[in-house]
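Listing of input.cif, mmCIF, C-alpha atoms and all ligand atoms
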```cif
data_upload
loop_
_atom_site.label_atom_id
_atom_site.label_comp_id
_atom_site.auth_asym_id
_atom_site.auth_seq_id
_atom_site.Cartn_x
_atom_site.Cartn_y
_atom_site.Cartn_z
CA MET R 9 -32.96 26.04 0.04
CA THR R 10 -29.74 25.36 -1.89
CA GLN R 11 -30.16 25.16 -5.65
CA TYR R 12 -28.03 22.45 -7.26
CA ASP R 13 -27.17 22.38 -10.95
CA ASN R 14 -29.13 19.26 -11.84
CA THR R 15 -27.63 18.95 -15.30
CA SER R 16 -24.28 17.81 -13.79
CA PRO R 17 -23.57 14.10 -13.49
CA VAL R 18 -23.94 12.95 -9.89
CA ALA R 19 -21.63 10.75 -7.82
CA ILE R 20 -22.05 9.23 -4.39
CA VAL R 21 -18.71 9.05 -2.53
CA THR R 22 -18.81 7.39 0.87
CA GLY R 23 -16.23 8.53 3.40
CA ALA R 24 -15.82 11.96 1.81
CA SER R 25 -14.56 13.83 4.87
CA ARG R 26 -10.87 12.90 4.70
CA GLY R 27 -8.27 10.69 3.07
CA PHE R 28 -8.91 9.26 -0.36
CA GLY R 29 -12.66 9.94 -0.33
CA ARG R 30 -12.12 13.62 0.22
CA ALA R 31 -9.45 13.78 -2.49
CA VAL R 32 -11.75 12.05 -4.99
CA THR R 33 -14.61 14.34 -4.01
CA ALA R 34 -12.46 17.42 -4.61
CA ALA R 35 -11.39 16.15 -8.04
CA LEU R 36 -14.93 15.29 -9.13
CA LEU R 37 -16.21 18.71 -8.03
CA THR R 38 -13.46 20.36 -10.07
CA ARG R 39 -14.62 18.35 -13.07
CA GLY R 40 -18.19 19.59 -12.70
CA TRP R 41 -19.76 16.64 -10.94
CA THR R 42 -22.30 16.98 -8.17
CA VAL R 43 -21.11 14.84 -5.26
CA VAL R 44 -23.19 13.39 -2.46
CA GLY R 45 -20.65 12.57 0.26
CA ASP R 46 -20.92 11.21 3.76
CA ALA R 47 -18.98 10.38 6.93
CA ARG R 48 -20.01 9.60 10.50
CA ARG R 49 -18.21 12.49 12.21
CA VAL R 50 -20.44 15.47 11.50
CA HIS R 51 -17.92 18.14 12.46
CA GLU R 52 -15.16 16.74 10.23
CA LEU R 53 -17.54 16.33 7.27
CA GLU R 54 -18.84 19.88 7.68
CA SER R 55 -15.37 21.33 7.94
CA SER R 56 -14.25 19.45 4.81
CA ALA R 57 -17.35 20.63 2.98
CA ARG R 58 -16.56 24.22 3.97
CA ALA R 59 -12.98 23.84 2.75
CA LEU R 60 -14.11 22.33 -0.57
CA ASN R 61 -16.46 25.30 -0.87
CA SER R 62 -18.70 24.01 -3.64
CA THR R 63 -22.45 24.39 -4.08
CA GLN R 64 -22.28 21.06 -5.93
CA LEU R 65 -21.31 19.15 -2.78
CA ILE R 66 -24.16 17.62 -0.79
CA ALA R 67 -22.71 16.52 2.56
CA LEU R 68 -24.91 14.05 4.42
CA PRO R 69 -23.54 12.87 7.76
CA GLY R 70 -24.30 9.25 8.58
CA ASP R 71 -23.09 5.69 8.80
CA VAL R 72 -23.12 3.52 5.68
CA THR R 73 -24.21 0.56 7.82
CA ASP R 74 -27.49 2.40 8.52
CA ALA R 75 -30.18 1.54 5.94
CA SER R 76 -32.05 4.83 6.34
CA HIS R 77 -28.81 6.76 5.77
CA ARG R 78 -28.13 4.77 2.59
CA SER R 79 -31.66 5.60 1.37
CA ALA R 80 -31.01 9.27 2.10
CA LEU R 81 -27.75 9.18 0.10
CA VAL R 82 -29.39 7.60 -2.94
CA GLY R 83 -32.48 9.80 -2.66
CA ALA R 84 -30.39 12.98 -2.52
CA ALA R 85 -28.30 11.82 -5.48
CA ILE R 86 -31.29 11.00 -7.68
CA GLU R 87 -32.91 14.32 -6.82
CA ALA R 88 -29.72 16.18 -7.74
CA GLY R 89 -29.42 14.79 -11.29
CA PRO R 90 -28.36 11.70 -13.23
CA LEU R 91 -26.55 9.32 -10.86
CA ARG R 92 -23.56 8.04 -12.82
CA LEU R 93 -21.01 7.01 -10.19
CA LEU R 94 -20.93 5.24 -6.84
CA VAL R 95 -17.59 5.14 -5.01
CA ASN R 96 -17.75 2.71 -2.08
CA ASN R 97 -14.78 4.21 -0.25
CA ALA R 98 -15.77 4.27 3.45
CA SER R 99 -14.14 1.36 5.19
CA ARG R 100 -13.34 -0.09 8.61
CA LEU R 101 -9.88 -1.40 9.48
CA GLY R 102 -10.91 -3.14 12.69
CA PRO R 103 -9.00 -2.97 15.98
CA SER R 104 -5.62 -1.22 16.04
CA PRO R 105 -3.26 -2.97 16.35
CA GLN R 106 -4.98 -5.58 14.23
CA PRO R 107 -5.44 -8.93 16.01
CA THR R 108 -4.38 -12.23 14.51
CA LEU R 109 -7.24 -14.40 13.32
CA ALA R 110 -6.65 -16.78 16.23
CA ALA R 111 -7.62 -13.97 18.59
CA TYR R 112 -9.97 -11.91 16.40
CA PRO R 113 -13.08 -10.91 18.38
CA ALA R 114 -16.24 -11.95 16.53
CA SER R 115 -17.95 -8.62 17.25
CA ASP R 116 -15.06 -6.70 15.65
CA LEU R 117 -15.06 -8.98 12.61
CA SER R 118 -18.79 -8.49 12.26
CA ALA R 119 -18.36 -4.69 12.37
CA VAL R 120 -15.61 -4.87 9.72
CA TYR R 121 -17.76 -7.02 7.43
CA ASN R 122 -20.82 -4.82 7.99
CA THR R 123 -18.97 -1.71 6.85
CA ASN R 124 -16.76 -3.23 4.16
CA ILE R 125 -19.06 -5.80 2.54
CA PHE R 126 -22.72 -5.60 3.54
CA ALA R 127 -23.05 -1.80 3.44
CA PRO R 128 -21.36 -1.39 0.03
CA LEU R 129 -23.53 -4.13 -1.47
CA ALA R 130 -26.69 -2.63 0.04
CA LEU R 131 -25.74 0.79 -1.34
CA ILE R 132 -25.12 -0.77 -4.75
CA GLN R 133 -28.52 -2.44 -4.60
CA ALA R 134 -30.22 0.87 -3.74
CA ALA R 135 -28.37 2.82 -6.43
CA LEU R 136 -28.45 0.17 -9.15
CA PRO R 137 -31.68 1.17 -10.94
CA ALA R 138 -30.36 4.71 -11.45
CA LEU R 139 -26.81 3.57 -12.26
CA THR R 140 -28.14 1.08 -14.81
CA ALA R 141 -30.42 3.67 -16.42
CA ASN R 142 -27.46 6.06 -16.73
CA ALA R 143 -24.84 3.48 -17.84
CA GLY R 144 -22.99 4.32 -14.65
CA VAL R 145 -19.87 3.17 -12.86
CA ILE R 146 -19.34 1.48 -9.49
CA VAL R 147 -15.91 1.76 -7.83
CA ASN R 148 -15.26 -0.41 -4.79
CA LEU R 149 -12.08 0.46 -2.89
CA THR R 150 -10.01 -2.64 -2.30
CA SER R 151 -6.51 -3.35 -0.99
CA ASP R 152 -3.50 -5.57 -1.55
CA ALA R 153 -4.52 -7.11 1.79
CA ALA R 154 -7.33 -8.79 -0.20
CA VAL R 155 -4.82 -10.91 -2.10
CA GLU R 156 -1.70 -11.05 0.13
CA PRO R 157 -1.75 -13.11 3.36
CA TYR R 158 -0.16 -10.47 5.60
CA PRO R 159 -0.21 -11.67 9.23
CA GLY R 160 -2.67 -9.55 11.20
CA TRP R 161 -4.66 -8.51 8.16
CA GLY R 162 -7.12 -11.43 8.17
CA GLY R 163 -10.21 -9.45 9.19
CA TYR R 164 -9.85 -6.40 6.96
CA GLY R 165 -8.15 -8.39 4.19
CA SER R 166 -10.87 -11.04 3.99
CA SER R 167 -13.53 -8.31 3.88
CA LYS R 168 -11.77 -6.73 0.90
CA ALA R 169 -11.40 -10.17 -0.75
CA ALA R 170 -15.16 -10.61 -0.44
CA LEU R 171 -15.69 -7.14 -1.87
CA ASP R 172 -13.44 -8.06 -4.81
CA GLN R 173 -15.53 -11.13 -5.55
CA LEU R 174 -18.78 -9.17 -5.18
CA SER R 175 -17.38 -6.70 -7.68
CA ALA R 176 -16.46 -9.43 -10.15
CA VAL R 177 -19.82 -11.19 -9.94
CA LEU R 178 -21.73 -7.92 -10.19
CA ALA R 179 -19.79 -7.09 -13.34
CA ALA R 180 -20.81 -10.43 -14.86
CA GLU R 181 -24.44 -9.95 -13.83
CA ILE R 182 -24.88 -6.31 -14.87
CA PRO R 183 -22.96 -5.54 -18.07
CA ALA R 184 -24.69 -2.13 -18.40
CA VAL R 185 -22.69 -0.85 -15.42
CA ALA R 186 -18.89 -0.80 -15.18
CA VAL R 187 -17.74 -2.32 -11.88
CA TYR R 188 -14.19 -1.65 -10.73
CA ALA R 189 -12.39 -2.97 -7.66
CA PHE R 190 -9.74 -0.27 -7.27
CA ASP R 191 -6.61 -0.81 -5.15
CA PRO R 192 -5.14 2.61 -4.38
CA GLY R 193 -1.93 1.31 -2.79
CA ASP R 194 -0.50 2.67 0.44
CA MET R 195 -1.63 6.19 1.27
CA ARG R 196 -0.82 8.52 4.15
CA THR R 197 -4.21 8.56 5.88
CA GLU R 198 -5.81 8.05 9.26
CA MET R 199 -6.65 4.44 8.41
CA HIS R 200 -3.10 3.71 7.29
CA GLN R 201 -1.70 5.21 10.49
CA ALA R 202 -4.10 3.03 12.52
CA ALA R 203 -2.83 -0.01 10.62
CA PHE R 204 0.74 0.87 11.59
CA PRO R 205 0.33 2.36 15.08
CA GLY R 206 3.32 4.33 16.27
CA GLU R 207 5.15 4.00 12.93
CA ASP R 208 6.22 6.90 10.77
CA VAL R 209 4.04 6.66 7.63
CA SER R 210 5.13 9.98 6.19
CA ASP R 211 6.79 8.27 3.22
CA ARG R 212 3.42 6.93 1.97
CA ALA R 213 1.68 8.61 -0.96
CA GLU R 214 -0.71 11.49 -0.41
CA PRO R 215 -4.25 10.43 -1.36
CA GLU R 216 -4.40 13.26 -3.90
CA SER R 217 -1.54 11.66 -5.86
CA VAL R 218 -3.62 8.48 -6.37
CA VAL R 219 -6.74 10.24 -7.64
CA PRO R 220 -5.49 10.55 -11.28
CA ALA R 221 -5.42 6.75 -11.51
CA LEU R 222 -9.10 6.58 -10.54
CA LEU R 223 -9.97 9.39 -12.94
CA ARG R 224 -8.21 7.42 -15.65
CA LEU R 225 -10.64 4.54 -15.05
CA LEU R 226 -13.57 6.94 -15.41
CA ASP R 227 -12.12 8.58 -18.52
CA THR R 228 -11.12 5.44 -20.38
CA ARG R 229 -13.77 3.07 -18.99
CA PRO R 230 -11.86 -0.19 -19.52
CA ALA R 231 -13.55 -3.56 -19.02
CA SER R 232 -14.89 -4.16 -15.53
CA GLY R 233 -12.30 -5.76 -13.26
CA ARG R 234 -9.72 -5.26 -10.53
CA TYR R 235 -7.26 -2.41 -11.11
CA ARG R 236 -4.24 -1.25 -9.13
CA ALA R 237 -3.56 2.47 -9.06
CA ALA R 238 0.14 1.83 -9.62
CA ASP R 239 -0.56 0.01 -12.90
CA LEU R 240 -2.98 2.64 -14.16
CA ALA R 241 -0.53 5.37 -13.28
CA VAL R 242 2.32 3.64 -15.17
CA ALA R 243 0.09 2.98 -18.17
CA GLY R 244 -1.03 6.59 -18.23
CA GLY R 245 2.25 8.14 -17.10
CA ARG R 246 0.39 10.69 -15.01
CA ARG R 247 0.85 9.84 -11.34
N1 LIG U 1 -4.79 4.27 3.23
C1 LIG U 1 -4.29 3.20 2.63
O1 LIG U 1 -3.07 2.93 2.65
C2 LIG U 1 -5.20 2.26 1.88
C3 LIG U 1 -4.64 1.19 1.19
C4 LIG U 1 -5.47 0.32 0.48
C5 LIG U 1 -6.84 0.55 0.46
N2 LIG U 1 -7.37 1.61 1.15
C6 LIG U 1 -8.83 1.82 1.06
O2 LIG U 1 -9.07 3.14 0.61
C7 LIG U 1 -10.32 3.64 1.15
C8 LIG U 1 -10.08 4.97 1.83
O3 LIG U 1 -9.20 4.79 2.92
P1 LIG U 1 -8.51 6.01 3.66
O4 LIG U 1 -7.17 5.52 4.02
O5 LIG U 1 -8.70 7.27 2.90
O6 LIG U 1 -9.38 6.04 5.03
P2 LIG U 1 -9.57 7.20 6.10
O7 LIG U 1 -8.57 8.28 5.96
O8 LIG U 1 -9.70 6.51 7.41
O9 LIG U 1 -10.99 7.81 5.68
C9 LIG U 1 -12.15 7.02 5.77
C10 LIG U 1 -13.36 7.85 5.44
O10 LIG U 1 -14.52 7.01 5.54
C11 LIG U 1 -15.41 7.53 6.55
N3 LIG U 1 -16.07 6.39 7.17
C12 LIG U 1 -15.50 5.36 7.84
N4 LIG U 1 -16.45 4.52 8.25
C13 LIG U 1 -17.64 5.00 7.82
C14 LIG U 1 -18.97 4.58 7.92
N5 LIG U 1 -19.31 3.46 8.58
N6 LIG U 1 -19.97 5.33 7.34
C15 LIG U 1 -19.65 6.46 6.68
N7 LIG U 1 -18.39 6.91 6.55
C16 LIG U 1 -17.40 6.20 7.12
C17 LIG U 1 -14.50 8.34 7.46
O11 LIG U 1 -15.18 9.33 8.22
P3 LIG U 1 -15.79 8.96 9.70
O12 LIG U 1 -14.72 8.24 10.45
O13 LIG U 1 -16.15 10.29 10.26
O14 LIG U 1 -16.99 8.11 9.43
C18 LIG U 1 -13.59 8.99 6.42
O15 LIG U 1 -14.27 10.03 5.78
C19 LIG U 1 -10.80 2.54 2.11
O16 LIG U 1 -11.75 1.72 1.45
C20 LIG U 1 -9.55 1.73 2.40
O17 LIG U 1 -9.84 0.42 2.77
C21 LIG U 1 -6.59 2.46 1.85
#
```

Could you show the structure in this file as structure tokens?
Ligand SMILES: NC(=O)c1ccc[n+]([C@@H]2O[C@H](COP(=O)([O-])OP(=O)(O)OC[C@H]3O[C@@H](n4cnc5c(N)ncnc54)[C@H](OP(=O)(O)O)[C@@H]3O)[C@@H](O)[C@H]2O)c1
Amino acid sequence: MTQYDNTSPVAIVTGASRGFGRAVTAALLTRGWTVVGDARRVHELESSARALNSTQLIALPGDVTDASHRSALVGAAIEAGPLRLLVNNASRLGPSPQPTLAAYPASDLSAVYNTNIFAPLALIQAALPALTANAGVIVNLTSDAAVEPYPGWGGYGSSKAALDQLSAVLAAEIPAVAVYAFDPGDMRTEMHQAAFPGEDVSDRAEPESVVPALLRLLDTRPASGRYRAADLAVAGGRR
């Protein structure tokens, strides 16, 4: 049985196998956190875990929309030490190319909302007692599509708008926990490529270059609210 250092602070990072979630996971591990990370594709999660090569990473394959998987994530985190951070990063774009709202299939919209709104809130609810006890932090990954009416982005964008409002209300209801809606900006990832099928997205930022902005939130712990990585990076001068 693997022995974890249960004096380290513990984070749950959903969608830890690639993209921004993997980059955040790597940074937290380097800083001495224990990270409980998930993803649906077992092989990709296992290969990322091998590459990150840390005994402080607990990789649990599963789908955040599955209640028993969410219980397993929170259970593993609480067993590993003081749960201080939940990063709701896993997200669903919807069909690629994205349909206009006039033609958006209800089943696809439901799947987007399940992953991007209902699952993050359910995970927050499950983790909240521990996060409250440990004066923890919740980070919900949002997007400029939550506030800009880009044609074609109505499904994903409205899900992120709902997540923004959930974040804001949670912050008002639970002052003991910091709640951040964090907009990373465009990043060169699988999701971004799916959003722009066939386009060259190689000029977009690497996810790793956005991580310092998130770490800045954790280090400085400003008031709960919505933060854009670009603003945090300018303020800190460390992007
Ligand atoms: N990339 C951008 O330009 C951009 C811009 C603004 C905001 N964001 C936000 O940033 C976050 C990270 O995006 P990304 O671009 O890094 O995405 P990504 O490269 O597609 O990675 C998504 C991660 O989430 C996992 N995942 C997806 N659905 C899941 C589910 N139902 N249960 C568990 N894990 C799941 C994926 O693994 P599996 O597929 O194996 O499950 C993967 O590990 C998202 O919240 C996204 O909305 C991204």

Checklist entry - Which protein, DNA or RNA residues have an atom within 9 Å of ligand LIG 1 (chain U), counting all atoms listed in the file, as a ChimeraX atom specification? => result /R:22-31,45-53,69-74,96-101,122-124,127,148-153,164,168,190-203,212-213,215

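Among the candidate residues R:Ala241, R:Ile125, R:Val18, R:Ala114, the one lying nearest to Val219 of chain R is R:Ala241, with distances computed using all atoms listed in the file.
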
Mind running segment 94-189 of chain R against segment 229-237 of chain R at 12 Å and telling me each contacting residue's nearest atom pair with the distance in Å (one decimal), counting all atoms listed in the file, chain and number ascending, as CSV?
```
residue,atom,partner,partner_atom,distance
R:Ala143,CA,R:Arg229,CA,11.1
R:Gly144,CA,R:Arg229,CA,10.3
R:Val145,CA,R:Arg229,CA,8.6
R:Ile146,CA,R:Ser232,CA,9.4
R:Val147,CA,R:Arg234,CA,9.7
R:Asn148,CA,R:Arg234,CA,9.3
R:Leu149,CA,R:Arg234,CA,9.8
R:Thr150,CA,R:Arg234,CA,8.6
R:Ser151,CA,R:Arg236,CA,8.7
R:Asp152,CA,R:Arg236,CA,8.8
R:Ala154,CA,R:Arg234,CA,11.2
R:Val155,CA,R:Arg234,CA,11.3
R:Lys168,CA,R:Arg234,CA,11.7
R:Ala169,CA,R:Arg234,CA,11.1
R:Leu171,CA,R:Arg234,CA,10.7
R:Asp172,CA,R:Arg234,CA,7.4
R:Gln173,CA,R:Arg234,CA,9.6
R:Leu174,CA,R:Gly233,CA,10.9
R:Ser175,CA,R:Gly233,CA,7.6
R:Ala176,CA,R:Gly233,CA,6.4
R:Val177,CA,R:Gly233,CA,9.9
R:Leu178,CA,R:Ser232,CA,9.5
R:Ala179,CA,R:Ser232,CA,6.1
R:Ala180,CA,R:Ser232,CA,8.6
R:Glu181,CA,R:Ser232,CA,11.3
R:Ile182,CA,R:Ser232,CA,10.2
R:Pro183,CA,R:Ser232,CA,8.6
R:Ala184,CA,R:Ser232,CA,10.4
R:Val185,CA,R:Ser232,CA,8.5
R:Ala186,CA,R:Ser232,CA,5.2
R:Val187,CA,R:Ser232,CA,5.0
R:Tyr188,CA,R:Gly233,CA,5.2
R:Ala189,CA,R:Arg234,CA,4.5
```

Item to check | Test item: residues at most 8 Å from segment 89-92 of chain R, only C-alpha atoms, excluding those fewer than 6 positions along its chain, as number ranges by chain | outcome: R: 13-20, 138-139, 142-145

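Atom pair atom CA of Ala67 of chain R / atom CA of Glu216 of chain R: separated by 19.7 Å.
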
Quick one: axis-aligned box around all listed atoms of segment 172-184 of chain R, 3 Å on every side, centre and edge lengths in Å to one decimal, written as lines of an AutoDock Vina configuration file.
```
center_x = -19.2
center_y = -6.7
center_z = -11.6
size_x = 17.4
size_y = 15.1
size_z = 19.6
```

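Of note, atom CA of Leu60 of chain R and atom CA of Asp227 of chain R are spaced 22.7 Å apart.
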
Using the partial input, fill out segment 187-201 of chain R with N, CA and C atoms; write the result as a PDB file, in the coordinates of the input.
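As a result, out_39.pdb now contains:
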```
ATOM      1  N   VAL R 187     -18.005  -2.061 -13.310  1.00  0.00           N
ATOM      2  CA  VAL R 187     -17.740  -2.320 -11.880  1.00  0.00           C
ATOM      3  C   VAL R 187     -16.239  -2.504 -11.704  1.00  0.00           C
ATOM      4  N   TYR R 188     -15.629  -1.598 -10.952  1.00  0.00           N
ATOM      5  CA  TYR R 188     -14.190  -1.650 -10.730  1.00  0.00           C
ATOM      6  C   TYR R 188     -13.887  -1.883  -9.248  1.00  0.00           C
ATOM      7  N   ALA R 189     -13.039  -2.877  -8.970  1.00  0.00           N
ATOM      8  CA  ALA R 189     -12.390  -2.970  -7.660  1.00  0.00           C
ATOM      9  C   ALA R 189     -11.068  -2.224  -7.842  1.00  0.00           C
ATOM     10  N   PHE R 190     -10.881  -1.175  -7.058  1.00  0.00           N
ATOM     11  CA  PHE R 190      -9.740  -0.270  -7.270  1.00  0.00           C
ATOM     12  C   PHE R 190      -8.838  -0.305  -6.032  1.00  0.00           C
ATOM     13  N   ASP R 191      -7.601  -0.756  -6.237  1.00  0.00           N
ATOM     14  CA  ASP R 191      -6.610  -0.810  -5.150  1.00  0.00           C
ATOM     15  C   ASP R 191      -5.719   0.432  -5.237  1.00  0.00           C
ATOM     16  N   PRO R 192      -5.877   1.350  -4.278  1.00  0.00           N
ATOM     17  CA  PRO R 192      -5.140   2.610  -4.380  1.00  0.00           C
ATOM     18  C   PRO R 192      -3.663   2.497  -3.994  1.00  0.00           C
ATOM     19  N   GLY R 193      -3.287   1.386  -3.340  1.00  0.00           N
ATOM     20  CA  GLY R 193      -1.930   1.310  -2.790  1.00  0.00           C
ATOM     21  C   GLY R 193      -1.843   2.066  -1.484  1.00  0.00           C
ATOM     22  N   ASP R 194      -0.669   2.018  -0.859  1.00  0.00           N
ATOM     23  CA  ASP R 194      -0.500   2.670   0.440  1.00  0.00           C
ATOM     24  C   ASP R 194      -0.666   4.186   0.323  1.00  0.00           C
ATOM     25  N   MET R 195      -1.428   4.739   1.243  1.00  0.00           N
ATOM     26  CA  MET R 195      -1.630   6.190   1.270  1.00  0.00           C
ATOM     27  C   MET R 195      -1.517   6.683   2.702  1.00  0.00           C
ATOM     28  N   ARG R 196      -1.036   7.904   2.828  1.00  0.00           N
ATOM     29  CA  ARG R 196      -0.820   8.520   4.150  1.00  0.00           C
ATOM     30  C   ARG R 196      -2.160   9.036   4.676  1.00  0.00           C
ATOM     31  N   THR R 197      -2.878   8.189   5.395  1.00  0.00           N
ATOM     32  CA  THR R 197      -4.210   8.560   5.880  1.00  0.00           C
ATOM     33  C   THR R 197      -4.382   8.073   7.320  1.00  0.00           C
ATOM     34  N   GLU R 198      -5.507   8.471   7.893  1.00  0.00           N
ATOM     35  CA  GLU R 198      -5.810   8.050   9.260  1.00  0.00           C
ATOM     36  C   GLU R 198      -5.898   6.527   9.369  1.00  0.00           C
ATOM     37  N   MET R 199      -6.536   5.901   8.357  1.00  0.00           N
ATOM     38  CA  MET R 199      -6.650   4.440   8.410  1.00  0.00           C
ATOM     39  C   MET R 199      -5.267   3.778   8.324  1.00  0.00           C
ATOM     40  N   HIS R 200      -4.431   4.312   7.458  1.00  0.00           N
ATOM     41  CA  HIS R 200      -3.100   3.710   7.290  1.00  0.00           C
ATOM     42  C   HIS R 200      -2.284   3.852   8.570  1.00  0.00           C
ATOM     43  N   GLN R 201      -2.418   5.018   9.231  1.00  0.00           N
ATOM     44  CA  GLN R 201      -1.700   5.210  10.490  1.00  0.00           C
ATOM     45  C   GLN R 201      -2.216   4.230  11.550  1.00  0.00           C
TER      46      GLN R 201
END
```
